[in-house]
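A.B. asks: Starting off with a structure, shown below.
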Amino acid sequence: EESADEEEERRRREEERRTMVSHGDLEDLAPAFVLSTSQIIAEWIAGGPTFRGLCLKPEGVLFDSPSLQIGVKTQYSKAAGRVMFFYGNRAPVPLKNFSITLSPSTSLAFQLKPIKGILEAGEQAQQLLNFVCLQEFALPPELIVSFTLPSHQPGIPDQEIEHKLRLPICLTKFVTPKQNVTAAQFIHLWKNSQGNDYVERASLMGGEVGGGMGGAMVGMPFFEYSAVFKMILGKVFDVNEIKMIFKNCLHLDIVDGVDSTPSSVVAVGECWTQSNPVCTPVFVRLQTREEMQLFRMTVRGHTNDTAWGIGISLMAAIGELETVQDQS
């Protein structure tokens with residue numbers, strides 16, 4: 001015989017399944033973005049598939065043109081990270097006035113090593129960027145690369161070139177898996193991370209309820225980001241493949257046994273920032289409607305930027321950002 005809590009959770013899951021929108025419903029939904037989320041998603045789209053792909057792996061080519069190639073190799077440890085840039089001059093002439101700058105950020109503190117102002121033909125140069133995550137963020141920073149490309153042809157002026165590139169420094173890079181959370185613990189934490197009375201209820205949890213996470217949650221409000229979106233066009237995801245993306249790319253630990261639907265994925269992680277004395281929890285639930293090629297995602301974190309940053313990274317990994325319908 002199920003307990004009152006188990007019965008309540010079963011009813012909640014049934015209600016969530018009933019409210020999963022159909023394909024037709026998705027087409028009829030009016031855009032529900034608040035301005036900030038729509039702008040953030042638009043910037044993620046504008047960043048291009050190369051940027052979004054590098055958000056899921058530690059190294060690769062960020063930019064490639066006839067005159068310049070830029071590769072990146074990244075490392076992270078809790079709230080700190082570093083990127084080694086590799087600049088390769090592919091032009092037959094030197095790149096003069098070579099300059100690298102970063103977009104201003106209140107969420108990341110940067111320390112960019114200097115680089116010389118000329119890149120000879122065929123030369124490759126390296127530049128190290130160290131940074132610390134000060135607070136949660138949803139929009140990755142930009143790298144601005146500018147240089148002069150000499151023409152060496154009479155009557156044709158030199159070209160002043162500037163490239164603005166979205167850097168694959170996203171919030172999931174500062175997340176680590178929260179391991180050994182049981183289904184019962186997750187359900188308790190999930191139920192106690194919603195509503196305006198969360199602060200009062202959280203104080204009753206104690207340190208052991210969340211498998212060591214409860215102490216970090218006491219007195220902490222939570223924000224939710226929920227969205228419906230389509231799968232990547234032409235892609236059929238196996239649930240095990242999605243779990244691997246959660247674990248290896250988004251650095252979240254899977255919690256089995258929470259949802260009875262086999263295609264649902266539930267995960268938990270810890271977000272590290274310099275502004276918080278302890279890491280803060282992140283909860284993710286993903287439901288799949290395979291026959292309609294739809295996902296329904298809910299993310300909870302202790303700031304809006306936490307929920308948005310993790311949620312948009314997840315949607316970019318497995319879905320089409322152009323189809324996102326905000327359900328928050």
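By convention here, the chains of the structure tokens are called A, B, ... in the order presented, each chain's residues are numbered starting at 1, and ligands are numbered starting at 1 in the order presented.
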For region 304-311 of chain A, work out the shell of residues within 7 Å, counting only C-alpha atoms and skipping chain neighbours fewer than 3 positions away, then give it as a PyMOL selection string.

C.D. replies: chain A and resi 136-138+171-172+223-225+299-301+314-315

A.B. asks: Mind dumping the selected residues with all heavy atoms as a short mmCIF file (atom, residue, chain, number, x, y, z; two decimals), in the first residue's frame?

C.D. replies:
data_model
loop_
_atom_site.label_atom_id
_atom_site.label_comp_id
_atom_site.auth_asym_id
_atom_site.auth_seq_id
_atom_site.Cartn_x
_atom_site.Cartn_y
_atom_site.Cartn_z
N GLU A 136 25.93 32.95 -11.35
CA GLU A 136 25.30 32.21 -12.43
C GLU A 136 24.99 33.13 -13.61
O GLU A 136 24.74 34.33 -13.44
CB GLU A 136 24.02 31.54 -11.95
CG GLU A 136 24.23 30.45 -10.91
CD GLU A 136 24.34 30.98 -9.49
OE1 GLU A 136 24.44 32.22 -9.33
OE2 GLU A 136 24.32 30.18 -8.55
N PHE A 137 24.99 32.56 -14.82
CA PHE A 137 24.71 33.33 -16.03
C PHE A 137 24.07 32.41 -17.06
O PHE A 137 24.21 31.19 -17.00
CB PHE A 137 25.99 33.95 -16.59
CG PHE A 137 27.04 32.94 -16.99
CD1 PHE A 137 27.15 32.51 -18.31
CD2 PHE A 137 27.90 32.40 -16.05
CE1 PHE A 137 28.11 31.56 -18.67
CE2 PHE A 137 28.86 31.46 -16.40
CZ PHE A 137 28.96 31.04 -17.71
N ALA A 138 23.36 33.01 -18.01
CA ALA A 138 22.70 32.23 -19.06
C ALA A 138 23.29 32.47 -20.44
O ALA A 138 23.16 31.62 -21.32
CB ALA A 138 21.20 32.55 -19.08
N LEU A 171 27.17 27.79 -18.42
CA LEU A 171 27.02 27.50 -16.99
C LEU A 171 27.23 26.02 -16.67
O LEU A 171 27.71 25.68 -15.59
CB LEU A 171 25.64 27.95 -16.51
CG LEU A 171 25.43 27.91 -14.99
CD1 LEU A 171 26.43 28.80 -14.27
CD2 LEU A 171 24.01 28.32 -14.64
N THR A 172 26.88 25.13 -17.61
CA THR A 172 27.04 23.70 -17.34
C THR A 172 28.50 23.32 -17.12
O THR A 172 28.78 22.27 -16.53
CB THR A 172 26.48 22.86 -18.49
OG1 THR A 172 27.06 23.29 -19.73
CG2 THR A 172 24.96 23.00 -18.57
N PHE A 223 14.02 28.99 -8.41
CA PHE A 223 13.37 29.51 -9.60
C PHE A 223 13.25 28.38 -10.61
O PHE A 223 14.14 27.54 -10.71
CB PHE A 223 14.17 30.68 -10.18
CG PHE A 223 14.25 31.87 -9.27
CD1 PHE A 223 15.21 31.93 -8.26
CD2 PHE A 223 13.37 32.93 -9.41
CE1 PHE A 223 15.28 33.01 -7.40
CE2 PHE A 223 13.44 34.02 -8.56
CZ PHE A 223 14.39 34.07 -7.55
N GLU A 224 12.17 28.41 -11.36
CA GLU A 224 11.89 27.33 -12.31
C GLU A 224 11.85 27.86 -13.73
O GLU A 224 11.30 28.93 -14.00
CB GLU A 224 10.56 26.67 -11.96
CG GLU A 224 10.18 25.53 -12.91
CD GLU A 224 8.92 24.80 -12.47
OE1 GLU A 224 8.97 24.15 -11.41
OE2 GLU A 224 7.89 24.92 -13.16
N TYR A 225 12.44 27.09 -14.64
CA TYR A 225 12.32 27.37 -16.07
C TYR A 225 11.79 26.11 -16.73
O TYR A 225 12.38 25.04 -16.63
CB TYR A 225 13.68 27.75 -16.66
CG TYR A 225 13.64 28.00 -18.16
CD1 TYR A 225 12.67 28.83 -18.71
CD2 TYR A 225 14.57 27.42 -19.01
CE1 TYR A 225 12.63 29.08 -20.07
CE2 TYR A 225 14.54 27.66 -20.37
CZ TYR A 225 13.57 28.49 -20.90
OH TYR A 225 13.53 28.73 -22.25
N VAL A 299 13.56 22.87 -15.22
CA VAL A 299 14.83 23.04 -14.50
C VAL A 299 14.58 23.95 -13.31
O VAL A 299 13.91 24.98 -13.44
CB VAL A 299 15.92 23.66 -15.40
CG1 VAL A 299 17.23 23.78 -14.62
CG2 VAL A 299 16.12 22.83 -16.65
N ARG A 300 15.12 23.59 -12.16
CA ARG A 300 15.03 24.43 -10.98
C ARG A 300 16.42 24.73 -10.45
O ARG A 300 17.26 23.83 -10.31
CB ARG A 300 14.19 23.76 -9.89
CG ARG A 300 12.71 23.72 -10.23
CD ARG A 300 11.88 23.09 -9.14
NE ARG A 300 10.49 22.98 -9.56
CZ ARG A 300 9.59 22.22 -8.96
NH1 ARG A 300 9.94 21.49 -7.91
NH2 ARG A 300 8.35 22.17 -9.40
N GLY A 301 16.65 26.01 -10.17
CA GLY A 301 17.91 26.45 -9.60
C GLY A 301 17.66 27.63 -8.69
O GLY A 301 16.55 28.18 -8.66
N LEU A 314 20.77 22.55 -22.18
CA LEU A 314 20.16 21.25 -22.44
C LEU A 314 19.38 21.27 -23.75
O LEU A 314 19.52 20.36 -24.58
CB LEU A 314 19.24 20.87 -21.28
CG LEU A 314 18.33 19.65 -21.49
CD1 LEU A 314 19.14 18.41 -21.82
CD2 LEU A 314 17.46 19.41 -20.26
N MET A 315 18.58 22.31 -23.96
CA MET A 315 17.79 22.39 -25.19
C MET A 315 18.69 22.48 -26.41
O MET A 315 18.39 21.90 -27.46
CB MET A 315 16.84 23.58 -25.12
CG MET A 315 15.75 23.41 -24.06
SD MET A 315 14.45 24.68 -24.14
CE MET A 315 15.38 26.15 -23.71
#

A.B. asks: Give me the residues near Glu120 (chain A) as a CSV table (one decimal) with N, CA, C and O atoms, in the first residue's frame, where near means some atom within 8 Å (using only C-alpha atoms) and where sequence neighbours in that chain fewer than 4 positions away do not count.

C.D. replies:
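around-v4.csv was written with the following content:
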chain,number,residue,atom,x,y,z
A,89,ASN,N,47.3,31.5,-38.7
A,89,ASN,CA,47.2,32.4,-39.9
A,89,ASN,C,47.2,31.5,-41.1
A,89,ASN,O,48.2,30.9,-41.5
A,93,VAL,N,49.8,36.3,-46.2
A,93,VAL,CA,50.4,37.5,-45.7
A,93,VAL,C,50.2,37.6,-44.2
A,93,VAL,O,49.4,36.9,-43.6
A,94,PRO,N,51.0,38.5,-43.6
A,94,PRO,CA,50.9,38.6,-42.1
A,94,PRO,C,49.5,39.2,-41.7
A,94,PRO,O,49.0,40.1,-42.5
A,95,LEU,N,49.0,38.9,-40.6
A,95,LEU,CA,47.8,39.5,-40.0
A,95,LEU,C,48.4,40.6,-39.1
A,95,LEU,O,48.9,40.2,-38.0

A.B. asks: Quick one: everything within 6 Å of region 251-259 of chain A, counting only C-alpha atoms, minus sequence neighbours fewer than 2 positions away in the same chain. Send it as a PyMOL selection string.

C.D. replies: chain A and resi 175-178+183+246-249+261+266-269

A.B. asks: Could you give me, as an NGL selection string, each residue of region 5-196 of chain A that DSSP assigns to helix (DSSP H, G or I) when run on this structure's backbone?

C.D. replies: :A and (5-18 or 23-28 or 35-46 or 48-54 or 171-174 or 183-191)

A.B. asks: Would you mind telling me which residue in A:Arg296, A:Arg285, A:Lys235, A:Lys230 lies nearest to Glu322 (chain A) when using only C-alpha atoms?

C.D. replies: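 Of A:Arg296, A:Arg285, A:Lys235, A:Lys230, the one nearest Glu322 (chain A) is A:Lys230, counting only C-alpha atoms.
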
A.B. asks: Give the answer as one residue: which of A:Leu68, A:Leu189, A:Val265, A:Leu56 has the shortest atom-to-atom distance to Ile161 (chain A), using only C-alpha atoms?

C.D. replies: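 Among the listed residues, the smallest separation from Ile161 (chain A) belongs to A:Leu68.
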
A.B. asks: For Gln126 (chain A), please output as a list in words all residues within 8 Å (counting only C-alpha atoms; exclusion window: fewer than 4 positions along the same chain).

C.D. replies: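 That gives Met84, Phe85, Phe86, Tyr87 and Ile115 of chain A.
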